[in-house]
Amino acid sequence: MHTFPRTWLDAALRHRARWARTVLLSVIAAAVTLGLLAPAAAFATPGDDSGDDPEGRISLGLRTDGLFTLSGHAFDRSDLGAPIILAVFQDRELTHSFAADAPAPELRPYGVAGKGIDAAFLPSTRQAPVQVCVAGINIGAGENSWLGCSMLDARGTSSVPGSTTDPASEYVLVNKQNPLSPVDHVPGDLVDLATLGVPSANGHSLREPAANAMRDMFEAARASGITLDATSGYRSYATQQSLHEDFVSTLGQSGADLTSARPGYSEHQTGLAVDLSSDEGCVLEQCWASTLGGQWVAANAHTFGFIERYPEGMTSVTGFEWEPWHYRYVGVEVATAMHDAGVTTYEQWLGVPAAPGY
Ligand SMILES: [Zn+2]
């Protein structure tokens with residue numbers, strides 16, 4: 001069983017503060033990445049009491065929804081009440097940490113029952129098998145040990161309950177590497193937002209599930225004193241073509257590509273994307289993020305099934321500059337799961353390659 005070098009981690013380990021833990025885990029991650037620590041291949045053996053490190057039994061697996069699972073238990077034999085943190089490494093990079101604080105009836109004979117773990121987490125990639133290693137950490141005592149590693153393979157799985165290539169799917173992925181197919185696809189269930197009472201100064205439409213969700217979101221916003229407007233919605237191939245040509249004539253091709261999708265590559269053509277504004281100005285400008293409307297939408301959109309599609313600082317993944325007004329409908333289940341997992345781009349959620357350019 002490998003342990004972390006105590007000399008530089010002991011002090012940090014004794015902190016219970018969340019920020020200290022974060023620093024600690026980053027240090028461990030760096031050490032693993034630099035090859036200073038090698039994840040052990042073997043699981044901790046049951047009944048191993050050679051030291052007072054956290055020990056336990058964990059199992060790693062792949063769920064049908066495409067998430068990896070971590071279950072089992074971990075505890076410190078010499079310090080049964082101590083909280084145990086499980087740090088998850090994927091291909092030597094720290095990706096998640098969980099508290100082992102779920103019920104663990106199998107530990108009752110030891111006089112400890114609350115050190116179970118039953119968690120699910122995103123694969124770092126769906127393009128290749130991943131080496132997943134789990135370390136147990138007793139933060140109070142400064143004790144650490146590897147609990148085990150496993151090769152997991154999420155290839156061919158998806159973390160959304162539907163097709164990401166069918167243009168009629170609510171989960172279709174459209175970016176600079178993934179055009180709509182066919183490129184001139186027209187959705188079959190477009191609804192004029194005005195018929196639902198959704199303000200849309202330019203008379204836009206969305207696909208039915210997105211339009212209904214937008215109506216609910218606008219009503220909730222109104223109840224909070226926020227007046228929203230759907231400034232853009234569905235755009236046909238031909239509309240996107242002339243819009244993009246306008247951008248190219250003023251910004252040049254590379255400038256246009258950062259702010260406007262080429263025809264066939266626009267999420268607006270799916271009928272699932274919307275550009276939002278409020279009556280506070282900053283329409284289609286980044287300053288909208290700091291308006292009351294922009295803040296309300298950022299905080300609440302996921303509960304209606306929308307994600308901010310081009311977040312700040314993620315241009316290398318999405319291919320677009322930060323657009324705090326552009327929201328994409330992916331359904332409440334996926335939007336909420338992304339929000340809860342802290343995953344900000346659809347590309348990362350799907351585990352597909354980044355799409356910085358055409
Ligand atoms: Zn947009």
# chains A, B, ... in the order shown; residues from 1 in each chain; ligands from 1
$ residues_around --residues "His326 in chain A" --least-positions-apart "2" --cutoff "10 Å" --atoms "only C-alpha atoms" --output "list of chain:residue names"
A:Thr231, A:Ser232, A:Gly233, A:Glu267, A:His268, A:Ala273, A:Val274, A:Asp275, A:Leu276, A:Ser277, A:Leu284, A:Phe306, A:Ile307, A:Glu308, A:Arg309, A:Tyr310, A:Pro311, A:Trp322, A:Glu323, A:Pro324, A:Arg328
$ residues_around --residues "Gly319 in chain A" --least-positions-apart "3" --cutoff "7 Å" --atoms "only C-alpha atoms" --output "count of residues only"
7
$ closest_residue --among "A:Ala230, A:Val183, A:Ala100, A:Leu196" --to "ligand 1" --atoms "only C-alpha atoms and all ligand atoms"
A:Ala230
$ closest_residue --among "A:Tyr171, A:Trp288, A:Phe68, A:Phe98" --to "Val130 in chain A" --atoms "only C-alpha atoms"
A:Phe68
$ select_by_dssp --residues "range 123-228 of chain A" --states "strand (DSSP E or B)" --output "list of chain:residue names"
A:Val130, A:Gln131, A:Val132, A:Cys133, A:Val134, A:Ala135, A:Gly136, A:Ile137, A:Asn138, A:Glu143, A:Asn144, A:Ser145, A:Trp146, A:Leu147, A:Gly148, A:Cys149, A:Ser150, A:Met151, A:Leu152, A:Asn175, A:Asn178, A:Leu190, A:Val191, A:Asp192, A:Ser205, A:Leu206, A:Arg207, A:Leu228
$ closest_residue --among "A:Ala102, A:Val174, A:His302, A:Thr250" --to "Asp118 in chain A" --atoms "only C-alpha atoms"
A:Ala102
$ select_by_dssp --residues "range 74-277 of chain A" --states "alpha helix (DSSP H)" --output "number ranges by chain"
A: 208-223, 237-259
$ residues_around --residues "Met217 in chain A" --least-positions-apart "2" --cutoff "10 Å" --atoms "only C-alpha atoms" --output "list in words"
Val198, Ala211, Asn212, Ala213, Met214, Arg215, Glu219, Ala220, Ala221, Arg222, Ala223, Leu228, Val297, Asn300, Ala301, His302, Thr303, Phe304, Gly305 and Phe306 of chain A
$ residues_around --residues "Gly114 in chain A" --least-positions-apart "4" --cutoff "7 Å" --atoms "only C-alpha atoms" --output "MDAnalysis selection string"
chainID A and resid 101:104
$ write_last_selection --atoms "all heavy atoms" --output "compact mmCIF listing (two decimals), in the first residue's frame"
# COMPACT_ATOMS: atom_id res chain seq x y z
N ASP A 101 -19.58 9.00 3.97
CA ASP A 101 -20.47 9.22 5.11
C ASP A 101 -21.86 8.62 4.90
O ASP A 101 -22.82 9.01 5.55
CB ASP A 101 -20.58 10.72 5.42
CG ASP A 101 -21.06 11.54 4.21
OD1 ASP A 101 -21.41 10.92 3.17
OD2 ASP A 101 -21.08 12.78 4.31
N ALA A 102 -21.97 7.67 3.97
CA ALA A 102 -23.25 7.01 3.72
C ALA A 102 -23.38 5.79 4.64
O ALA A 102 -22.38 5.32 5.18
CB ALA A 102 -23.34 6.58 2.25
N PRO A 103 -24.62 5.28 4.81
CA PRO A 103 -24.78 4.07 5.64
C PRO A 103 -23.93 2.92 5.11
O PRO A 103 -23.80 2.74 3.91
CB PRO A 103 -26.27 3.75 5.50
CG PRO A 103 -26.91 5.04 5.09
CD PRO A 103 -25.89 5.78 4.28
N ALA A 104 -23.33 2.17 5.99
CA ALA A 104 -22.52 0.99 5.60
C ALA A 104 -22.79 -0.11 6.61
O ALA A 104 -22.01 -0.34 7.54
CB ALA A 104 -21.04 1.35 5.56
$ residues_around --residues "Ser242 in chain A" --least-positions-apart "6" --cutoff "12 Å" --atoms "only C-alpha atoms" --output "PyMOL selection string"
chain A and resi 235-236+248-249+260-263
$ write_last_selection --atoms "C-alpha atoms" --output "compact mmCIF listing (two decimals), in the first residue's frame"
# COMPACT_ATOMS: atom_id res chain seq x y z
CA ARG A 235 -33.11 30.33 -37.25
CA SER A 236 -33.32 28.53 -40.56
CA VAL A 248 -17.94 38.14 -42.18
CA SER A 249 -18.29 41.38 -44.13
CA SER A 260 -21.51 33.63 -35.26
CA ALA A 261 -21.84 30.03 -36.37
CA ARG A 262 -21.58 29.07 -40.03
CA PRO A 263 -24.88 27.88 -41.55
$ atom_distance --atom1 "CA of Val191 in chain A" --atom2 "CA of Ala168 in chain A"
14.6 Å
$ closest_residue --among "A:Glu143, A:Asp279, A:Asp189, A:Glu312" --to "Thr344 in chain A" --atoms "only C-alpha atoms"
A:Glu312
$ closest_residue --among "A:Leu180, A:Val186, A:Ile137, A:Val283" --to "ligand 1" --atoms "only C-alpha atoms and all ligand atoms"
A:Val283
$ residues_around --residues "Val352 in chain A" --least-positions-apart "5" --cutoff "8 Å" --atoms "only C-alpha atoms" --output "ChimeraX atom specification"
/A:125-127,347
$ write_last_selection --atoms "C-alpha atoms" --output "mmCIF file, in the first residue's frame"
data_model
loop_
_atom_site.group_PDB
_atom_site.id
_atom_site.type_symbol
_atom_site.label_atom_id
_atom_site.label_comp_id
_atom_site.auth_asym_id
_atom_site.auth_seq_id
_atom_site.Cartn_x
_atom_site.Cartn_y
_atom_site.Cartn_z
ATOM 1 C CA THR A 125 -13.140 10.950 -21.364
ATOM 2 C CA ARG A 126 -15.360 8.664 -23.426
ATOM 3 C CA GLN A 127 -12.701 8.296 -26.119
ATOM 4 C CA GLU A 347 -18.854 18.953 -24.699
#
$ closest_residue --among "A:Ile139, A:Leu70, A:Leu350, A:Leu272" --to "ligand 1" --atoms "only C-alpha atoms and all ligand atoms"
A:Leu272
$ atom_distance --atom1 "CA of Tyr327 in chain A" --atom2 "CA of Ser159 in chain A"
19.4 Å
